[in-house]
$ cat input.pdb   # PDB, C-alpha atoms and all ligand atoms
ATOM      1  CA  MET A   1       0.000   0.000   0.000
ATOM      2  CA  GLN A   2       1.412   3.369  -1.072
ATOM      3  CA  LEU A   3       1.240   5.795   1.866
ATOM      4  CA  ASN A   4       2.608   9.315   2.130
ATOM      5  CA  PRO A   5       4.668  10.316   5.210
ATOM      6  CA  GLU A   6       1.641  11.894   6.945
ATOM      7  CA  GLU A   7      -0.459   8.760   6.441
ATOM      8  CA  LYS A   8       2.383   6.542   7.668
ATOM      9  CA  GLU A   9       2.681   8.628  10.818
ATOM     10  CA  THR A  10      -1.091   8.517  11.538
ATOM     11  CA  LEU A  11      -1.194   4.788  10.779
ATOM     12  CA  GLN A  12       1.447   4.232  13.468
ATOM     13  CA  LYS A  13      -0.808   5.933  16.010
ATOM     14  CA  ILE A  14      -3.722   3.588  15.520
ATOM     15  CA  ASP A  15      -3.981   0.258  17.311
ATOM     16  CA  ARG A  16      -4.058  -2.284  14.499
ATOM     17  CA  ARG A  17      -5.797  -4.821  16.757
ATOM     18  CA  LEU A  18      -8.642  -2.399  17.561
ATOM     19  CA  VAL A  19      -9.710  -1.211  14.113
ATOM     20  CA  PRO A  20     -13.510  -1.009  13.879
ATOM     21  CA  ALA A  21     -14.948  -4.259  12.505
ATOM     22  CA  HIS A  22     -17.645  -2.470  10.502
ATOM     23  CA  VAL A  23     -17.389   1.038   9.053
ATOM     24  CA  ALA A  24     -20.406   2.629   7.331
ATOM     25  CA  ILE A  25     -20.099   5.773   5.241
ATOM     26  CA  ILE A  26     -22.596   8.337   3.941
ATOM     27  CA  MET A  27     -20.703   9.633   0.901
ATOM     28  CA  ASP A  28     -22.036  13.180   0.601
ATOM     29  CA  GLY A  29     -20.820  16.354  -1.108
ATOM     30  CA  ASN A  30     -20.096  15.283  -4.708
ATOM     31  CA  GLY A  31     -22.393  17.916  -6.223
ATOM     32  CA  ARG A  32     -21.025  20.724  -4.058
ATOM     33  CA  TRP A  33     -17.448  19.619  -4.769
ATOM     34  CA  ALA A  34     -18.183  19.948  -8.495
ATOM     35  CA  ARG A  35     -19.970  23.295  -8.162
ATOM     36  CA  ALA A  36     -17.072  24.763  -6.171
ATOM     37  CA  LYS A  37     -14.819  23.846  -9.091
ATOM     38  CA  GLY A  38     -17.245  25.057 -11.786
ATOM     39  CA  LEU A  39     -17.712  21.494 -13.024
ATOM     40  CA  PRO A  40     -20.900  19.535 -13.839
ATOM     41  CA  ARG A  41     -22.309  17.356 -11.026
ATOM     42  CA  SER A  42     -21.320  14.267 -13.017
ATOM     43  CA  ALA A  43     -17.660  15.235 -12.574
ATOM     44  CA  GLY A  44     -18.212  15.146  -8.802
ATOM     45  CA  HIS A  45     -19.764  11.692  -8.992
ATOM     46  CA  ARG A  46     -16.956  10.440 -11.232
ATOM     47  CA  GLN A  47     -14.357  11.690  -8.767
ATOM     48  CA  GLY A  48     -16.496  10.151  -6.001
ATOM     49  CA  VAL A  49     -16.023   6.741  -7.603
ATOM     50  CA  GLU A  50     -12.242   7.286  -7.498
ATOM     51  CA  THR A  51     -12.555   7.902  -3.754
ATOM     52  CA  VAL A  52     -14.588   4.699  -3.424
ATOM     53  CA  ARG A  53     -11.770   2.767  -5.154
ATOM     54  CA  GLU A  54      -9.129   4.193  -2.820
ATOM     55  CA  ILE A  55     -11.125   3.809   0.410
ATOM     56  CA  VAL A  56     -12.212   0.241  -0.397
ATOM     57  CA  ARG A  57      -8.581  -0.777  -1.025
ATOM     58  CA  PHE A  58      -7.413   0.913   2.131
ATOM     59  CA  CYS A  59     -10.140  -0.593   4.356
ATOM     60  CA  SER A  60      -9.312  -4.042   3.038
ATOM     61  CA  TYR A  61      -5.613  -3.347   3.749
ATOM     62  CA  LEU A  62      -6.434  -2.231   7.323
ATOM     63  CA  GLY A  63      -8.255  -5.489   8.004
ATOM     64  CA  ILE A  64     -11.699  -3.910   8.373
ATOM     65  CA  LYS A  65     -14.178  -6.788   8.199
ATOM     66  CA  ALA A  66     -17.118  -4.861   6.741
ATOM     67  CA  LEU A  67     -17.434  -1.608   4.811
ATOM     68  CA  THR A  68     -20.878  -0.293   3.913
ATOM     69  CA  LEU A  69     -21.257   2.606   1.482
ATOM     70  CA  PHE A  70     -24.459   4.624   0.984
ATOM     71  CA  ALA A  71     -24.409   5.068  -2.808
ATOM     72  CA  PHE A  72     -28.041   5.865  -3.700
ATOM     73  CA  SER A  73     -31.081   6.420  -1.507
ATOM     74  CA  THR A  74     -34.714   5.770  -2.388
ATOM     75  CA  GLU A  75     -35.132   9.580  -2.304
ATOM     76  CA  ASN A  76     -32.406  10.084  -4.944
ATOM     77  CA  TRP A  77     -34.899   9.055  -7.668
ATOM     78  CA  HIS A  78     -36.298  12.620  -7.376
ATOM     79  CA  ARG A  79     -33.128  14.070  -8.906
ATOM     80  CA  PRO A  80     -33.145  15.107 -12.589
ATOM     81  CA  ALA A  81     -33.373  12.096 -14.930
ATOM     82  CA  GLU A  82     -30.034  12.957 -16.513
ATOM     83  CA  GLU A  83     -28.254  12.778 -13.160
ATOM     84  CA  VAL A  84     -30.038   9.564 -12.151
ATOM     85  CA  ASN A  85     -29.020   7.968 -15.461
ATOM     86  CA  PHE A  86     -25.431   8.967 -14.914
ATOM     87  CA  LEU A  87     -25.438   7.631 -11.344
ATOM     88  CA  MET A  88     -26.887   4.351 -12.609
ATOM     89  CA  SER A  89     -23.879   3.902 -14.907
ATOM     90  CA  LEU A  90     -21.469   3.998 -11.955
ATOM     91  CA  PRO A  91     -21.945   0.528 -10.420
ATOM     92  CA  GLU A  92     -21.054  -1.073 -13.754
ATOM     93  CA  GLN A  93     -18.143   1.333 -14.300
ATOM     94  CA  TYR A  94     -16.758   0.601 -10.858
ATOM     95  CA  LEU A  95     -17.137  -3.176 -11.044
ATOM     96  CA  GLN A  96     -15.735  -3.443 -14.578
ATOM     97  CA  THR A  97     -12.388  -2.112 -13.415
ATOM     98  CA  GLU A  98     -12.341  -3.234  -9.768
ATOM     99  CA  LEU A  99     -13.827  -6.745  -9.808
ATOM    100  CA  PRO A 100     -10.541  -8.573 -10.532
ATOM    101  CA  GLU A 101      -8.850  -6.796  -7.633
ATOM    102  CA  LEU A 102     -11.807  -7.380  -5.288
ATOM    103  CA  VAL A 103     -11.618 -11.094  -6.114
ATOM    104  CA  LYS A 104      -7.850 -11.116  -5.587
ATOM    105  CA  ASN A 105      -8.218  -9.345  -2.219
ATOM    106  CA  ASN A 106     -10.868 -11.849  -1.042
ATOM    107  CA  VAL A 107     -13.565  -9.117  -0.810
ATOM    108  CA  MET A 108     -17.239 -10.167  -0.870
ATOM    109  CA  VAL A 109     -19.633  -7.713  -2.538
ATOM    110  CA  LYS A 110     -23.151  -7.321  -1.155
ATOM    111  CA  LEU A 111     -26.154  -5.191  -2.131
ATOM    112  CA  LEU A 112     -28.361  -3.502   0.466
ATOM    113  CA  GLY A 113     -31.624  -2.213  -0.932
ATOM    114  CA  ASP A 114     -34.480  -3.102  -3.209
ATOM    115  CA  PRO A 115     -33.096  -4.422  -6.524
ATOM    116  CA  GLN A 116     -36.594  -4.269  -8.109
ATOM    117  CA  ARG A 117     -36.494  -0.661  -9.253
ATOM    118  CA  LEU A 118     -32.900  -0.716 -10.477
ATOM    119  CA  PRO A 119     -32.267  -0.676 -14.240
ATOM    120  CA  GLU A 120     -31.262  -4.028 -15.737
ATOM    121  CA  GLN A 121     -27.805  -2.693 -16.612
ATOM    122  CA  VAL A 122     -27.208  -2.174 -12.884
ATOM    123  CA  THR A 123     -28.606  -5.489 -11.633
ATOM    124  CA  ARG A 124     -26.669  -7.382 -14.310
ATOM    125  CA  ALA A 125     -23.357  -5.793 -13.297
ATOM    126  CA  ILE A 126     -24.054  -6.295  -9.599
ATOM    127  CA  ASP A 127     -25.225  -9.900 -10.008
ATOM    128  CA  GLU A 128     -21.933 -10.587 -11.735
ATOM    129  CA  GLY A 129     -20.060  -8.961  -8.848
ATOM    130  CA  LEU A 130     -22.048 -10.893  -6.248
ATOM    131  CA  ALA A 131     -21.482 -14.198  -8.048
ATOM    132  CA  ALA A 132     -17.749 -13.637  -8.579
ATOM    133  CA  THR A 133     -17.156 -12.785  -4.911
ATOM    134  CA  ALA A 134     -19.800 -14.914  -3.147
ATOM    135  CA  LYS A 135     -17.276 -17.394  -1.745
ATOM    136  CA  ASN A 136     -14.828 -14.763  -0.509
ATOM    137  CA  SER A 137     -14.171 -14.568   3.218
ATOM    138  CA  GLY A 138     -12.254 -11.278   3.594
ATOM    139  CA  MET A 139     -13.917  -7.880   3.836
ATOM    140  CA  THR A 140     -17.644  -7.631   3.090
ATOM    141  CA  LEU A 141     -18.202  -4.591   0.861
ATOM    142  CA  SER A 142     -21.862  -3.581   0.881
ATOM    143  CA  PHE A 143     -23.337  -0.982  -1.427
ATOM    144  CA  ALA A 144     -26.599   0.574  -0.254
ATOM    145  CA  LEU A 145     -28.417   1.210  -3.538
ATOM    146  CA  ASN A 146     -32.063   2.202  -3.741
ATOM    147  CA  TYR A 147     -31.862   1.924   0.031
ATOM    148  CA  GLY A 148     -34.019   3.494   2.758
ATOM    149  CA  ALA A 149     -33.909   2.333   6.376
ATOM    150  CA  ARG A 150     -37.612   2.756   7.183
ATOM    151  CA  MET A 151     -38.512   0.730   4.102
ATOM    152  CA  GLU A 152     -35.948  -1.894   5.136
ATOM    153  CA  ILE A 153     -37.592  -2.124   8.575
ATOM    154  CA  LEU A 154     -41.095  -2.431   7.087
ATOM    155  CA  ARG A 155     -39.902  -5.191   4.745
ATOM    156  CA  ALA A 156     -38.334  -6.998   7.681
ATOM    157  CA  VAL A 157     -41.670  -6.824   9.543
ATOM    158  CA  GLU A 158     -43.471  -8.277   6.517
ATOM    159  CA  ALA A 159     -40.903 -11.044   6.055
ATOM    160  CA  LEU A 160     -41.024 -11.848   9.752
ATOM    161  CA  ILE A 161     -44.815 -12.151   9.758
ATOM    162  CA  ARG A 162     -44.605 -14.428   6.724
ATOM    163  CA  ASP A 163     -42.141 -16.692   8.566
ATOM    164  CA  LEU A 164     -44.186 -16.938  11.778
ATOM    165  CA  PRO A 165     -45.715 -20.275  12.699
ATOM    166  CA  GLU A 166     -49.492 -20.280  12.212
ATOM    167  CA  ASN A 167     -52.101 -20.608  14.973
ATOM    168  CA  LYS A 168     -50.117 -18.702  17.535
ATOM    169  CA  ASP A 169     -51.670 -15.725  19.235
ATOM    170  CA  GLU A 170     -48.559 -14.836  21.195
ATOM    171  CA  VAL A 171     -45.305 -14.383  19.359
ATOM    172  CA  ALA A 172     -41.897 -13.533  20.776
ATOM    173  CA  VAL A 173     -39.749 -11.456  18.442
ATOM    174  CA  SER A 174     -36.185 -11.042  19.638
ATOM    175  CA  GLU A 175     -33.753  -8.423  18.366
ATOM    176  CA  GLU A 176     -31.754 -11.234  16.751
ATOM    177  CA  LEU A 177     -34.788 -12.631  14.924
ATOM    178  CA  PHE A 178     -35.752  -9.159  13.686
ATOM    179  CA  ALA A 179     -32.205  -8.292  12.564
ATOM    180  CA  ALA A 180     -32.041 -11.568  10.626
ATOM    181  CA  HIS A 181     -34.705 -10.140   8.292
ATOM    182  CA  LEU A 182     -32.861  -6.899   7.510
ATOM    183  CA  TYR A 183     -30.679  -6.484   4.401
ATOM    184  CA  THR A 184     -27.678  -6.512   6.751
ATOM    185  CA  ALA A 185     -28.424 -10.011   8.108
ATOM    186  CA  GLY A 186     -25.149 -11.686   9.020
ATOM    187  CA  LEU A 187     -23.176  -8.439   9.301
ATOM    188  CA  PRO A 188     -22.153  -7.010  12.672
ATOM    189  CA  ASP A 189     -23.674  -3.599  13.475
ATOM    190  CA  PRO A 190     -21.434  -0.688  12.346
ATOM    191  CA  ASP A 191     -18.928   0.390  15.008
ATOM    192  CA  LEU A 192     -18.331   3.668  13.230
ATOM    193  CA  LEU A 193     -20.505   5.805  10.943
ATOM    194  CA  ILE A 194     -18.743   8.452   8.865
ATOM    195  CA  ARG A 195     -20.631  11.199   7.048
ATOM    196  CA  THR A 196     -18.790  13.511   4.686
ATOM    197  CA  GLY A 197     -20.059  16.788   3.204
ATOM    198  CA  GLY A 198     -20.853  18.749   6.359
ATOM    199  CA  GLU A 199     -24.427  17.617   7.132
ATOM    200  CA  TYR A 200     -25.178  16.280  10.611
ATOM    201  CA  ARG A 201     -27.932  13.786   9.868
ATOM    202  CA  ILE A 202     -28.482  10.043   9.516
ATOM    203  CA  SER A 203     -30.788  10.524   6.493
ATOM    204  CA  ASN A 204     -32.684   7.242   6.773
ATOM    205  CA  PHE A 205     -29.494   5.130   6.695
ATOM    206  CA  LEU A 206     -29.263   1.923   8.798
ATOM    207  CA  LEU A 207     -31.611   3.223  11.515
ATOM    208  CA  TRP A 208     -31.768  -0.064  13.415
ATOM    209  CA  GLN A 209     -28.112  -0.982  12.972
ATOM    210  CA  LEU A 210     -26.645   2.370  14.109
ATOM    211  CA  ALA A 211     -28.174   2.157  17.618
ATOM    212  CA  TYR A 212     -24.754   1.979  19.354
ATOM    213  CA  SER A 213     -22.385   3.267  16.641
ATOM    214  CA  GLU A 214     -19.877   6.062  17.088
ATOM    215  CA  LEU A 215     -20.746   8.915  14.704
ATOM    216  CA  TRP A 216     -18.016  10.924  12.955
ATOM    217  CA  PHE A 217     -18.826  13.919  10.751
ATOM    218  CA  THR A 218     -16.532  15.928   8.503
ATOM    219  CA  PRO A 219     -17.124  18.966   6.270
ATOM    220  CA  VAL A 220     -14.797  17.396   3.654
ATOM    221  CA  TYR A 221     -16.642  16.631   0.406
ATOM    222  CA  TRP A 222     -16.577  12.930  -0.537
ATOM    223  CA  PRO A 223     -14.352  13.405  -3.636
ATOM    224  CA  ASP A 224     -11.702  14.952  -1.324
ATOM    225  CA  PHE A 225     -12.014  12.277   1.380
ATOM    226  CA  SER A 226      -8.664  10.517   1.713
ATOM    227  CA  LYS A 227      -6.890   7.705   3.550
ATOM    228  CA  GLN A 228      -5.668  10.369   5.977
ATOM    229  CA  HIS A 229      -9.273  11.372   6.834
ATOM    230  CA  LEU A 230     -10.231   7.749   7.393
ATOM    231  CA  LEU A 231      -7.242   7.292   9.699
ATOM    232  CA  GLU A 232      -8.299  10.387  11.655
ATOM    233  CA  ALA A 233     -11.812   8.971  12.051
ATOM    234  CA  ILE A 234     -10.393   5.651  13.271
ATOM    235  CA  THR A 235      -7.993   7.409  15.678
ATOM    236  CA  GLU A 236     -10.888   9.368  17.174
ATOM    237  CA  PHE A 237     -12.986   6.173  17.320
ATOM    238  CA  GLN A 238     -10.229   4.408  19.284
ATOM    239  CA  GLN A 239      -9.859   7.326  21.693
ATOM    240  CA  ARG A 240     -13.608   7.326  22.377
ATOM    241  CA  GLU A 241     -13.563   3.532  22.852
ATOM    242  CA  ARG A 242     -10.762   3.883  25.391
ATOM    243  CA  ARG A 243     -12.617   6.640  27.235
ATOM    244  CA  TYR A 244     -16.148   5.203  27.207
ATOM    245  CA  GLY A 245     -15.652   1.595  26.104
ATOM    246  CA  ARG A 246     -16.230  -0.011  29.460
ATOM    247  CA  ALA A 247     -19.231   2.164  30.325
ATOM    248  CA  SER A 248     -20.953   1.727  26.919
ATOM    249  CA  GLY A 249     -24.572   0.553  26.663
ATOM    250  CA  LYS A 250     -23.625  -2.618  24.778
TER     251      LYS A 250
HETATM  252  C1  LIG B 301     -21.927   6.073  -6.776
HETATM  253  C2  LIG B 301     -19.918   7.452  -6.262
HETATM  254  C3  LIG B 301     -19.627   7.624  -4.795
HETATM  255  C4  LIG B 301     -20.249   8.873  -4.221
HETATM  256  C5  LIG B 301     -21.718   8.781  -3.994
HETATM  257  C6  LIG B 301     -22.653   8.904  -5.193
HETATM  258  C7  LIG B 301     -22.053   8.542  -6.527
HETATM  259  C8  LIG B 301     -19.869   3.248  -6.389
HETATM  260  C9  LIG B 301     -21.056   2.640  -6.719
HETATM  261  C10 LIG B 301     -21.323   1.217  -6.792
HETATM  262  C11 LIG B 301     -22.588   0.714  -6.479
HETATM  263  C12 LIG B 301     -22.833  -0.653  -6.528
HETATM  264  C13 LIG B 301     -21.826  -1.503  -6.868
HETATM  265  C14 LIG B 301     -20.568  -1.039  -7.172
HETATM  266  C15 LIG B 301     -20.318   0.316  -7.133
HETATM  267  C16 LIG B 301     -21.960   3.693  -6.914
HETATM  268  C17 LIG B 301     -23.892   4.823  -7.354
HETATM  269  C18 LIG B 301     -23.270   6.035  -7.136
HETATM  270  C19 LIG B 301     -25.341   4.775  -7.726
HETATM  271  F1  LIG B 301     -22.056  -2.823  -6.892
HETATM  272  N1  LIG B 301     -20.008   4.564  -6.386
HETATM  273  N2  LIG B 301     -21.284   4.863  -6.697
HETATM  274  N3  LIG B 301     -23.259   3.652  -7.233
HETATM  275  N4  LIG B 301     -21.314   7.291  -6.560
END
$ encode --input "input.pdb" --output "structure tokens" --more "lines below"
Ligand code: V07
Amino acid sequence: MQLNPEEKETLQKIDRRLVPAHVAIIMDGNGRWARAKGLPRSAGHRQGVETVREIVRFCSYLGIKALTLFAFSTENWHRPAEEVNFLMSLPEQYLQTELPELVKNNVMVKLLGDPQRLPEQVTRAIDEGLAATAKNSGMTLSFALNYGARMEILRAVEALIRDLPENKDEVAVSEELFAAHLYTAGLPDPDLLIRTGGEYRISNFLLWQLAYSELWFTPVYWPDFSKQHLLEAITEFQQRERRYGRASGK
């Protein structure tokens, strides 16, 4: 892994045995990054994909077990058709170039969200990615696409009711049973949520799963988010764990 002197120094400060198992990221600020540079929004999204490439590689290198990226929300369909079409070309673009390396690095790709409304071009590319990495046992890389947490919870309720034994008027639903019906079934809850782009909101992302997560916000736009920023988030996460770890609600 190529690291500059600053990154090497920050990397030495983190405890490699205590890296968060699951990092989730709301990748915000692509449009504003582009506007600040006088570029079209698509240029921001394209640069955003470059950041995804770099951060995925780096998380895998750090031994993070799960990385979850919020790529497209159910609300994003309200954007202009031209922008939506461009965004929908990105999964294929990313996987075409990255899939061989993901396979080599033992990364398993996962999709969180409703695949129904996605264009066929997207589901085809993703199905290929899922199939090629299904047996991998390294980092789980989940893309939240056409994802909304409230919808995810409602679907879990429906699926749970469907699975219930009949003729029972009292049912016990444990947290574990409920979580097994979410898109994130099998993944640990995120230890750390990062949001770039300067907004201080959860925006309907992983509402159930973020119950105990550390939250880390930065004004940095996603296309400018770097390995150094991720290391700073992890450093802060480890300091908070040391301070509050024993007293935490978990
Ligand atoms: C998208 C780039 C990152 C910034 C946020 C919005 C734009 C990677 C993917 C992707 C999705 C699924 C997949 C592989 C890659 C992606 C969309 C937007 C819609 F299997 N980046 N990225 N998908 N952006």
$ atom_distance --input "input.pdb" --atom1 "atom CA of Asp191 of chain A" --atom2 "atom CA of Leu210 of chain A"
8.0 Å
$ resolve_selection --input "input.pdb" --expression "the PyMOL selection byres (((chain A and resi 84) around 12) and not hetatm)" --output "list in words"
Arg41, Ser42, His45, Ala71, Phe72, Ser73, Thr74, Glu75, Asn76, Trp77, His78, Arg79, Pro80, Ala81, Glu82, Glu83, Asn85, Phe86, Leu87, Met88, Ser89, Leu90, Leu118, Pro119 and Asn146 of chain A
$ residues_near_ligand --input "input.pdb" --ligand "ligand LIG 301 (chain B)" --cutoff "9 Å" --atoms "only C-alpha atoms and all ligand atoms" --output "JSON, numbers by chain"
{"A": [26, 27, 28, 29, 30, 42, 44, 45, 46, 47, 48, 49, 50, 51, 52, 53, 69, 70, 71, 72, 73, 84, 86, 87, 88, 89, 90, 91, 92, 93, 94, 95, 98, 109, 110, 111, 122, 123, 125, 126, 127, 129, 130, 141, 142, 143, 144, 145, 146, 222, 223]}
$ closest_residue --input "input.pdb" --among "A:His181, A:Lys227, A:Arg195, A:Lys168" --to "Thr10 of chain A" --atoms "all atoms listed in the file"
A:Lys227
$ closest_residue --input "input.pdb" --among "A:Gln96, A:Gln228, A:Ser60, A:Gln121" --to "Met108 of chain A" --atoms "only C-alpha atoms"
A:Ser60
$ atom_distance --input "input.pdb" --atom1 "atom CA of Val157 of chain A" --atom2 "atom CA of Ile194 of chain A"
27.6 Å
$ closest_residue --input "input.pdb" --among "A:Glu9, A:Met139, A:Pro100, A:Ala172" --to "Val56 of chain A" --atoms "all atoms listed in the file"
A:Met139
$ atom_distance --input "input.pdb" --atom1 "atom CA of Lys65 of chain A" --atom2 "atom CA of Val23 of chain A"
8.5 Å
$ residues_near_point --input "input.pdb" --point "(-31.3, -9.4, 17.9)" --cutoff "12 Å" --atoms "only C-alpha atoms" --output "JSON, numbers by chain"
{"A": [172, 173, 174, 175, 176, 177, 178, 179, 180, 181, 182, 185, 186, 187, 188, 189, 208, 209, 211]}
$ closest_residue --input "input.pdb" --among "A:Ala66, A:Arg124, A:Gly113, A:Leu3" --to "Ala24 of chain A" --atoms "all atoms listed in the file"
A:Ala66
$ resolve_selection --input "input.pdb" --expression "the PyMOL selection byres (((chain A and resi 152) around 9) and not hetatm)" --output "compact mmCIF listing (two decimals) with C-alpha atoms, keeping the file's coordinate frame"
# COMPACT_ATOMS: atom_id res chain seq x y z
CA GLY A 113 -31.62 -2.21 -0.93
CA ASP A 114 -34.48 -3.10 -3.21
CA TYR A 147 -31.86 1.92 0.03
CA GLY A 148 -34.02 3.49 2.76
CA ALA A 149 -33.91 2.33 6.38
CA ARG A 150 -37.61 2.76 7.18
CA MET A 151 -38.51 0.73 4.10
CA ILE A 153 -37.59 -2.12 8.57
CA LEU A 154 -41.10 -2.43 7.09
CA ARG A 155 -39.90 -5.19 4.74
CA ALA A 156 -38.33 -7.00 7.68
CA VAL A 157 -41.67 -6.82 9.54
CA HIS A 181 -34.70 -10.14 8.29
CA LEU A 182 -32.86 -6.90 7.51
CA TYR A 183 -30.68 -6.48 4.40
CA LEU A 206 -29.26 1.92 8.80
$ axis_aligned_box --input "input.pdb" --around "segment 97-111 of chain A" --padding-each-side "8 Å" --output "JSON"
{"center_x": -17.0, "center_y": -7.0, "center_z": -7.1, "size_x": 34.3, "size_y": 25.7, "size_z": 28.6}
$ residues_around --input "input.pdb" --residues "Ser213 of chain A" --least-positions-apart "6" --cutoff "7 Å" --atoms "all atoms listed in the file" --output "PyMOL selection string"
chain A and resi 190-193
$ resolve_selection --input "input.pdb" --expression "the PyMOL selection byres (((chain A and resi 103) around 10) and not hetatm)" --output "PDB file with C-alpha atoms, keeping the file's coordinate frame"
ATOM      1  CA  GLU A  98     -12.341  -3.234  -9.768  1.00  0.00           C
ATOM      2  CA  LEU A  99     -13.827  -6.745  -9.808  1.00  0.00           C
ATOM      3  CA  PRO A 100     -10.541  -8.573 -10.532  1.00  0.00           C
ATOM      4  CA  GLU A 101      -8.850  -6.796  -7.633  1.00  0.00           C
ATOM      5  CA  LEU A 102     -11.807  -7.380  -5.288  1.00  0.00           C
ATOM      6  CA  LYS A 104      -7.850 -11.116  -5.587  1.00  0.00           C
ATOM      7  CA  ASN A 105      -8.218  -9.345  -2.219  1.00  0.00           C
ATOM      8  CA  ASN A 106     -10.868 -11.849  -1.042  1.00  0.00           C
ATOM      9  CA  VAL A 107     -13.565  -9.117  -0.810  1.00  0.00           C
ATOM     10  CA  MET A 108     -17.239 -10.167  -0.870  1.00  0.00           C
ATOM     11  CA  VAL A 109     -19.633  -7.713  -2.538  1.00  0.00           C
ATOM     12  CA  GLY A 129     -20.060  -8.961  -8.848  1.00  0.00           C
ATOM     13  CA  ALA A 132     -17.749 -13.637  -8.579  1.00  0.00           C
ATOM     14  CA  THR A 133     -17.156 -12.785  -4.911  1.00  0.00           C
ATOM     15  CA  ALA A 134     -19.800 -14.914  -3.147  1.00  0.00           C
ATOM     16  CA  LYS A 135     -17.276 -17.394  -1.745  1.00  0.00           C
ATOM     17  CA  ASN A 136     -14.828 -14.763  -0.509  1.00  0.00           C
ATOM     18  CA  GLY A 138     -12.254 -11.278   3.594  1.00  0.00           C
TER      19      GLY A 138
END
$ residues_around --input "input.pdb" --residues "Tyr200 of chain A" --least-positions-apart "4" --cutoff "10 Å" --atoms "all atoms listed in the file" --output "list in words"
Arg195, Thr196, Leu215, Trp216, Phe217, Thr218 and Pro219 of chain A
